[in-house]
>>> print(open('start-v1.cif').read())   # mmCIF, C-alpha atoms
data_data
loop_
_atom_site.group_PDB
_atom_site.id
_atom_site.type_symbol
_atom_site.label_atom_id
_atom_site.label_comp_id
_atom_site.auth_asym_id
_atom_site.auth_seq_id
_atom_site.Cartn_x
_atom_site.Cartn_y
_atom_site.Cartn_z
ATOM 1 C CA MET A 1 -15.616 -2.899 -5.852
ATOM 2 C CA VAL A 2 -12.903 -1.970 -3.357
ATOM 3 C CA LEU A 3 -11.335 0.968 -5.211
ATOM 4 C CA LYS A 4 -12.844 3.226 -7.875
ATOM 5 C CA VAL A 5 -10.868 6.085 -9.379
ATOM 6 C CA LYS A 6 -12.828 8.189 -11.862
ATOM 7 C CA ASN A 7 -11.435 10.989 -14.028
ATOM 8 C CA VAL A 8 -8.890 12.072 -11.419
ATOM 9 C CA VAL A 9 -6.855 15.191 -12.128
ATOM 10 C CA LYS A 10 -3.938 16.389 -9.996
ATOM 11 C CA SER A 11 -1.392 19.163 -10.477
ATOM 12 C CA TYR A 12 1.207 20.889 -8.326
ATOM 13 C CA PRO A 13 2.515 24.459 -8.362
ATOM 14 C CA SER A 14 5.963 25.261 -9.716
ATOM 15 C CA ALA A 15 7.942 28.386 -10.560
ATOM 16 C CA GLU A 16 6.618 28.132 -14.127
ATOM 17 C CA GLY A 17 3.011 27.606 -13.058
ATOM 18 C CA ARG A 18 1.026 24.483 -12.257
ATOM 19 C CA VAL A 19 2.422 21.184 -13.507
ATOM 20 C CA ALA A 20 -0.103 18.471 -14.379
ATOM 21 C CA VAL A 21 0.715 15.112 -12.785
ATOM 22 C CA LEU A 22 -2.505 13.164 -13.428
ATOM 23 C CA GLU A 23 -4.882 13.999 -16.266
ATOM 24 C CA GLY A 24 -8.210 12.204 -16.124
ATOM 25 C CA VAL A 25 -7.093 8.851 -14.698
ATOM 26 C CA SER A 26 -9.719 6.144 -14.115
ATOM 27 C CA LEU A 27 -9.355 2.592 -12.788
ATOM 28 C CA ALA A 28 -11.218 0.053 -10.666
ATOM 29 C CA LEU A 29 -10.055 -2.742 -8.398
ATOM 30 C CA SER A 30 -12.164 -5.575 -7.001
ATOM 31 C CA ALA A 31 -11.728 -7.659 -3.853
ATOM 32 C CA GLY A 32 -9.070 -10.332 -4.271
ATOM 33 C CA GLU A 33 -7.571 -8.608 -7.329
ATOM 34 C CA SER A 34 -3.991 -7.360 -7.651
ATOM 35 C CA LEU A 35 -2.957 -4.542 -9.977
ATOM 36 C CA ALA A 36 0.549 -3.306 -10.787
ATOM 37 C CA LEU A 37 0.995 0.350 -11.677
ATOM 38 C CA THR A 38 4.145 0.927 -13.724
ATOM 39 C CA GLY A 39 5.717 3.896 -15.477
ATOM 40 C CA GLU A 40 8.758 6.123 -15.505
ATOM 41 C CA SER A 41 9.748 8.314 -12.566
ATOM 42 C CA GLY A 42 7.527 11.384 -12.466
ATOM 43 C CA SER A 43 4.677 9.721 -14.345
ATOM 44 C CA GLY A 44 2.320 10.094 -11.364
ATOM 45 C CA LYS A 45 2.366 6.563 -9.901
ATOM 46 C CA SER A 46 3.043 7.498 -6.284
ATOM 47 C CA THR A 47 0.727 10.509 -6.543
ATOM 48 C CA LEU A 48 -2.131 8.224 -7.607
ATOM 49 C CA LEU A 49 -1.365 5.811 -4.769
ATOM 50 C CA HIS A 50 -1.381 8.643 -2.204
ATOM 51 C CA LEU A 51 -4.695 9.924 -3.572
ATOM 52 C CA ALA A 52 -6.195 6.425 -3.332
ATOM 53 C CA GLY A 53 -5.169 6.304 0.321
ATOM 54 C CA GLY A 54 -6.615 9.713 1.106
ATOM 55 C CA LEU A 55 -3.159 11.093 1.875
ATOM 56 C CA ASP A 56 -3.782 13.870 -0.637
ATOM 57 C CA SER A 57 -6.823 15.217 -2.511
ATOM 58 C CA PRO A 58 -7.359 15.445 -6.281
ATOM 59 C CA ASP A 59 -8.071 18.708 -8.067
ATOM 60 C CA ALA A 60 -10.982 17.033 -9.871
ATOM 61 C CA GLY A 61 -12.536 13.605 -10.201
ATOM 62 C CA GLU A 62 -13.690 11.129 -7.574
ATOM 63 C CA ILE A 63 -12.147 8.311 -5.566
ATOM 64 C CA GLU A 64 -14.150 5.711 -3.650
ATOM 65 C CA VAL A 65 -12.740 3.191 -1.181
ATOM 66 C CA CYS A 66 -15.119 0.426 -0.136
ATOM 67 C CA GLY A 67 -18.045 2.457 -1.436
ATOM 68 C CA THR A 68 -17.092 5.622 0.471
ATOM 69 C CA ALA A 69 -16.303 8.769 -1.514
ATOM 70 C CA LEU A 70 -13.122 10.312 -0.122
ATOM 71 C CA SER A 71 -14.342 13.780 -1.123
ATOM 72 C CA GLY A 72 -17.104 13.468 1.472
ATOM 73 C CA LEU A 73 -14.667 12.932 4.342
ATOM 74 C CA ASP A 74 -12.644 15.433 6.327
ATOM 75 C CA ASP A 75 -9.040 14.729 7.379
ATOM 76 C CA ALA A 76 -10.176 12.788 10.449
ATOM 77 C CA GLY A 77 -12.606 10.723 8.391
ATOM 78 C CA ARG A 78 -9.938 9.821 5.849
ATOM 79 C CA ALA A 79 -7.585 8.875 8.674
ATOM 80 C CA ARG A 80 -10.228 6.570 10.162
ATOM 81 C CA LEU A 81 -10.836 4.938 6.768
ATOM 82 C CA ARG A 82 -7.095 4.334 6.319
ATOM 83 C CA ARG A 83 -6.821 2.925 9.824
ATOM 84 C CA ASP A 84 -9.750 0.549 9.464
ATOM 85 C CA ARG A 85 -9.781 -0.469 5.789
ATOM 86 C CA VAL A 86 -6.416 0.288 4.175
ATOM 87 C CA GLY A 87 -2.979 -1.288 4.587
ATOM 88 C CA LEU A 88 -0.035 0.887 3.502
ATOM 89 C CA VAL A 89 3.379 -0.517 2.569
ATOM 90 C CA PHE A 90 6.084 1.905 1.479
ATOM 91 C CA GLN A 91 9.675 1.630 0.297
ATOM 92 C CA GLN A 92 10.662 3.179 3.619
ATOM 93 C CA PHE A 93 9.602 0.737 6.321
ATOM 94 C CA ASN A 94 8.264 3.392 8.759
ATOM 95 C CA LEU A 95 8.442 1.091 11.778
ATOM 96 C CA ILE A 96 8.215 2.612 15.241
ATOM 97 C CA PRO A 97 11.758 2.444 16.702
ATOM 98 C CA SER A 98 10.597 2.248 20.338
ATOM 99 C CA LEU A 99 8.347 -0.792 19.716
ATOM 100 C CA ASP A 100 9.505 -4.364 19.263
ATOM 101 C CA VAL A 101 8.439 -6.502 16.315
ATOM 102 C CA SER A 102 5.405 -7.915 18.114
ATOM 103 C CA ALA A 103 4.112 -4.439 19.002
ATOM 104 C CA ASN A 104 4.857 -3.051 15.529
ATOM 105 C CA LEU A 105 2.904 -5.902 13.943
ATOM 106 C CA ALA A 106 -0.142 -5.230 16.099
ATOM 107 C CA PHE A 107 0.057 -1.423 16.050
ATOM 108 C CA GLN A 108 -2.518 -0.536 13.364
ATOM 109 C CA ALA A 109 -4.860 -3.372 14.327
ATOM 110 C CA ARG A 110 -4.898 -2.170 17.942
ATOM 111 C CA LEU A 111 -5.619 1.414 16.822
ATOM 112 C CA ALA A 112 -8.555 0.084 14.808
ATOM 113 C CA ALA A 113 -9.741 -2.062 17.754
ATOM 114 C CA ARG A 114 -9.425 -5.116 15.487
ATOM 115 C CA HIS A 115 -6.428 -6.840 17.023
ATOM 116 C CA ASP A 116 -6.587 -10.629 16.572
ATOM 117 C CA ARG A 117 -3.781 -12.345 18.431
ATOM 118 C CA ASP A 118 -4.137 -15.617 16.518
ATOM 119 C CA TRP A 119 -3.962 -13.788 13.176
ATOM 120 C CA CYS A 120 -0.834 -11.907 14.277
ATOM 121 C CA VAL A 121 0.753 -15.194 15.358
ATOM 122 C CA HIS A 122 -0.094 -16.628 11.927
ATOM 123 C CA LEU A 123 1.374 -13.590 10.148
ATOM 124 C CA ALA A 124 4.559 -13.804 12.200
ATOM 125 C CA ARG A 125 4.929 -17.479 11.350
ATOM 126 C CA VAL A 126 4.280 -17.068 7.622
ATOM 127 C CA LEU A 127 6.584 -14.045 7.401
ATOM 128 C CA GLY A 128 9.390 -15.808 9.279
ATOM 129 C CA LEU A 129 9.263 -13.419 12.234
ATOM 130 C CA THR A 130 8.388 -15.778 15.086
ATOM 131 C CA GLY A 131 11.946 -15.792 16.430
ATOM 132 C CA LEU A 132 12.271 -12.007 16.093
ATOM 133 C CA LEU A 133 9.210 -10.781 17.982
ATOM 134 C CA GLY A 134 11.240 -9.353 20.865
ATOM 135 C CA ARG A 135 13.698 -7.468 18.662
ATOM 136 C CA TYR A 136 13.542 -3.784 17.754
ATOM 137 C CA PRO A 137 13.702 -2.347 14.232
ATOM 138 C CA ASP A 138 17.368 -1.354 14.494
ATOM 139 C CA GLN A 139 18.186 -5.003 15.242
ATOM 140 C CA LEU A 140 16.651 -6.222 11.959
ATOM 141 C CA SER A 141 17.885 -6.463 8.392
ATOM 142 C CA GLY A 142 16.132 -4.543 5.617
ATOM 143 C CA GLY A 143 14.278 -7.637 4.486
ATOM 144 C CA GLN A 144 13.127 -8.396 8.011
ATOM 145 C CA GLN A 145 11.911 -4.816 8.512
ATOM 146 C CA GLN A 146 9.941 -4.957 5.275
ATOM 147 C CA ARG A 147 8.315 -8.220 6.348
ATOM 148 C CA VAL A 148 7.269 -6.528 9.600
ATOM 149 C CA ALA A 149 5.838 -3.606 7.595
ATOM 150 C CA ILE A 150 3.834 -6.000 5.425
ATOM 151 C CA GLY A 151 2.605 -7.884 8.487
ATOM 152 C CA ARG A 152 1.531 -4.627 10.157
ATOM 153 C CA ALA A 153 -0.444 -3.652 7.046
ATOM 154 C CA LEU A 154 -2.168 -7.039 6.920
ATOM 155 C CA ALA A 155 -2.810 -7.405 10.658
ATOM 156 C CA VAL A 156 -5.910 -5.208 10.441
ATOM 157 C CA ARG A 157 -7.263 -7.448 7.631
ATOM 158 C CA PRO A 158 -7.617 -4.468 5.283
ATOM 159 C CA SER A 159 -9.908 -4.383 2.283
ATOM 160 C CA LEU A 160 -7.306 -2.488 0.252
ATOM 161 C CA ILE A 161 -3.509 -2.692 0.305
ATOM 162 C CA LEU A 162 -1.526 0.137 -1.258
ATOM 163 C CA ALA A 163 2.147 -0.698 -1.799
ATOM 164 C CA ASP A 164 4.673 1.813 -3.159
ATOM 165 C CA GLU A 165 7.829 0.067 -4.391
ATOM 166 C CA PRO A 166 7.617 -2.333 -1.418
ATOM 167 C CA THR A 167 10.798 -4.199 -2.413
ATOM 168 C CA GLY A 168 12.716 -1.162 -3.690
ATOM 169 C CA ASN A 169 15.263 -1.198 -0.832
ATOM 170 C CA LEU A 170 15.857 -4.960 -0.990
ATOM 171 C CA ASP A 171 18.159 -7.118 -3.069
ATOM 172 C CA GLU A 172 16.496 -9.125 -5.827
ATOM 173 C CA ALA A 173 16.332 -12.457 -4.000
ATOM 174 C CA THR A 174 14.979 -10.941 -0.785
ATOM 175 C CA GLY A 175 12.566 -8.766 -2.751
ATOM 176 C CA ASP A 176 11.211 -11.777 -4.639
ATOM 177 C CA ALA A 177 10.710 -13.696 -1.384
ATOM 178 C CA VAL A 178 8.947 -10.757 0.300
ATOM 179 C CA MET A 179 6.769 -10.223 -2.774
ATOM 180 C CA GLY A 180 5.738 -13.878 -2.767
ATOM 181 C CA LEU A 181 4.788 -13.711 0.896
ATOM 182 C CA MET A 182 2.726 -10.560 0.350
ATOM 183 C CA LEU A 183 0.837 -12.051 -2.603
ATOM 184 C CA ASP A 184 0.137 -15.252 -0.648
ATOM 185 C CA LEU A 185 -1.222 -13.285 2.299
ATOM 186 C CA VAL A 186 -3.303 -11.036 0.046
ATOM 187 C CA ALA A 187 -4.833 -14.176 -1.466
ATOM 188 C CA GLN A 188 -5.632 -15.475 2.033
ATOM 189 C CA THR A 189 -7.370 -12.277 3.135
ATOM 190 C CA GLY A 190 -9.186 -11.483 -0.124
ATOM 191 C CA ALA A 191 -7.857 -7.931 -0.050
ATOM 192 C CA ALA A 192 -7.351 -5.866 -3.193
ATOM 193 C CA LEU A 193 -3.741 -4.868 -3.907
ATOM 194 C CA LEU A 194 -2.563 -1.816 -5.838
ATOM 195 C CA MET A 195 1.225 -1.806 -6.154
ATOM 196 C CA VAL A 196 3.524 0.784 -7.691
ATOM 197 C CA THR A 197 6.674 -0.734 -9.145
ATOM 198 C CA HIS A 198 9.409 0.030 -11.684
ATOM 199 C CA SER A 199 9.980 -3.696 -12.152
ATOM 200 C CA GLU A 200 8.234 -5.333 -15.096
ATOM 201 C CA ARG A 201 9.294 -8.685 -13.635
ATOM 202 C CA LEU A 202 7.448 -8.037 -10.364
ATOM 203 C CA ALA A 203 4.497 -6.475 -12.186
ATOM 204 C CA ALA A 204 4.074 -9.702 -14.155
ATOM 205 C CA ARG A 205 3.319 -11.549 -10.890
ATOM 206 C CA LEU A 206 0.126 -9.543 -10.315
ATOM 207 C CA ASP A 207 -3.251 -10.149 -11.959
ATOM 208 C CA ARG A 208 -3.192 -6.992 -14.075
ATOM 209 C CA ARG A 209 -0.903 -4.127 -14.900
ATOM 210 C CA LEU A 210 -1.476 -0.564 -16.059
ATOM 211 C CA ARG A 211 1.154 1.898 -17.213
ATOM 212 C CA LEU A 212 1.143 5.615 -16.468
ATOM 213 C CA ARG A 213 2.736 7.838 -19.068
ATOM 214 C CA ALA A 214 2.710 11.624 -18.749
ATOM 215 C CA GLY A 215 -0.166 11.516 -16.279
ATOM 216 C CA LYS A 216 -2.378 9.234 -18.344
ATOM 217 C CA LEU A 217 -2.963 5.497 -18.367
ATOM 218 C CA ALA A 218 -1.535 3.849 -21.478
#
>>> encode(input="start-v1.cif", output="structure tokens")
Amino acid sequence: MVLKVKNVVKSYPSAEGRVAVLEGVSLALSAGESLALTGESGSGKSTLLHLAGGLDSPDAGEIEVCGTALSGLDDAGRARLRRDRVGLVFQQFNLIPSLDVSANLAFQARLAARHDRDWCVHLARVLGLTGLLGRYPDQLSGGQQQRVAIGRALAVRPSLILADEPTGNLDEATGDAVMGLMLDLVAQTGAALLMVTHSERLAARLDRRLRLRAGKLA
């Protein structure tokens, strides 16, 4: 089991008191499995994704990534786990402006001391980036930047990929193409994929889907 979320509760303070975002959410995700998390804005989808990546901590409940309980790790430990085992893909591409495509692709893998040049060459070829390796992010289209972001996440050969609206800034045709490439590469690596999306059409392309409503899975 790559990801286990058990009875997770999360709330945030507001002027009226604490507002519950997640109320006892549980799910599990195995290697090679893809899961779409859908729901209306404010239903807690992105919050759950951030908790699964150790970017935030729950008020109650437990989250395990690759058999490691996140509650037993400090900030540095969670950062190491993300670096070594988790690939993050967000709606905002978050590429490093001062690095070219080749360096952006290899960035996380080099930090994790798991850089594989042949794998990066393969990713660049599959993602249609071979002719763009010397360009910088501001010289790329939105679709090209998102393909670089996906390649960077996969370059480390992560066990878990967390994707938050990964095609949200792309037109439908480009988004469909990028989604297809990501699913193909996930299948090649055997990683587990948890993806937040508003699109029922994209959600239907994954193995399973769950819907969050008012902080609970429906």
>>> closest_residue(input="start-v1.cif", among="A:Val178, A:Leu194, A:Leu127, A:Val21", to="Ser41 in chain A", atoms="all atoms listed in the file")
A:Val21
>>> atom_distance(input="start-v1.cif", atom1="CA of Leu133 in chain A", atom2="CA of Asn104 in chain A")
9.2 Å
>>> closest_residue(input="start-v1.cif", among="A:Phe90, A:Pro13, A:Glu200, A:Val148", to="Gly168 in chain A", atoms="all atoms listed in the file")
A:Phe90
>>> resolve_selection(input="start-v1.cif", expression="the PyMOL selection byres ((chain A and resi 150) around 12)", output="short mmCIF file (atom, residue, chain, number, x, y, z; two decimals) with C-alpha atoms, keeping the file's coordinate frame")
data_model
loop_
_atom_site.label_atom_id
_atom_site.label_comp_id
_atom_site.auth_asym_id
_atom_site.auth_seq_id
_atom_site.Cartn_x
_atom_site.Cartn_y
_atom_site.Cartn_z
CA GLY A 87 -2.98 -1.29 4.59
CA LEU A 88 -0.04 0.89 3.50
CA VAL A 89 3.38 -0.52 2.57
CA PHE A 90 6.08 1.90 1.48
CA GLN A 91 9.68 1.63 0.30
CA GLN A 92 10.66 3.18 3.62
CA PHE A 93 9.60 0.74 6.32
CA ASN A 94 8.26 3.39 8.76
CA LEU A 95 8.44 1.09 11.78
CA VAL A 101 8.44 -6.50 16.32
CA ASN A 104 4.86 -3.05 15.53
CA LEU A 105 2.90 -5.90 13.94
CA ALA A 106 -0.14 -5.23 16.10
CA GLN A 108 -2.52 -0.54 13.36
CA CYS A 120 -0.83 -11.91 14.28
CA LEU A 123 1.37 -13.59 10.15
CA ALA A 124 4.56 -13.80 12.20
CA VAL A 126 4.28 -17.07 7.62
CA LEU A 127 6.58 -14.04 7.40
CA GLY A 128 9.39 -15.81 9.28
CA LEU A 129 9.26 -13.42 12.23
CA GLY A 143 14.28 -7.64 4.49
CA GLN A 144 13.13 -8.40 8.01
CA GLN A 145 11.91 -4.82 8.51
CA GLN A 146 9.94 -4.96 5.28
CA ARG A 147 8.32 -8.22 6.35
CA VAL A 148 7.27 -6.53 9.60
CA ALA A 149 5.84 -3.61 7.60
CA GLY A 151 2.60 -7.88 8.49
CA ARG A 152 1.53 -4.63 10.16
CA ALA A 153 -0.44 -3.65 7.05
CA LEU A 154 -2.17 -7.04 6.92
CA ALA A 155 -2.81 -7.40 10.66
CA VAL A 156 -5.91 -5.21 10.44
CA ARG A 157 -7.26 -7.45 7.63
CA PRO A 158 -7.62 -4.47 5.28
CA ILE A 161 -3.51 -2.69 0.30
CA LEU A 162 -1.53 0.14 -1.26
CA ALA A 163 2.15 -0.70 -1.80
CA ASP A 164 4.67 1.81 -3.16
CA PRO A 166 7.62 -2.33 -1.42
CA THR A 167 10.80 -4.20 -2.41
CA VAL A 178 8.95 -10.76 0.30
CA MET A 179 6.77 -10.22 -2.77
CA GLY A 180 5.74 -13.88 -2.77
CA LEU A 181 4.79 -13.71 0.90
CA MET A 182 2.73 -10.56 0.35
CA LEU A 183 0.84 -12.05 -2.60
CA ASP A 184 0.14 -15.25 -0.65
CA LEU A 185 -1.22 -13.28 2.30
CA VAL A 186 -3.30 -11.04 0.05
#
>>> atom_distance(input="start-v1.cif", atom1="CA of Leu48 in chain A", atom2="CA of Ala112 in chain A")
24.7 Å
>>> resolve_selection(input="start-v1.cif", expression="the PyMOL selection byres ((chain A and resi 201-203) around 9)", output="ChimeraX atom specification")
/A:35-38,176,179,195-200,204-209
>>> closest_residue(input="start-v1.cif", among="A:Ala187, A:Val65, A:Val19, A:Leu51", to="Gly215 in chain A", atoms="all atoms listed in the file")
A:Val19
>>> atom_distance(input="start-v1.cif", atom1="CA of Asp138 in chain A", atom2="CA of Phe107 in chain A")
17.4 Å
>>> resolve_selection(input="start-v1.cif", expression="the PyMOL selection byres ((chain A and resi 81) around 10)", output="list in words")
Gly53, Gly54, Val65, Cys66, Thr68, Leu70, Leu73, Asp75, Ala76, Gly77, Arg78, Ala79, Arg80, Arg82, Arg83, Asp84, Arg85, Val86 and Ala112 of chain A
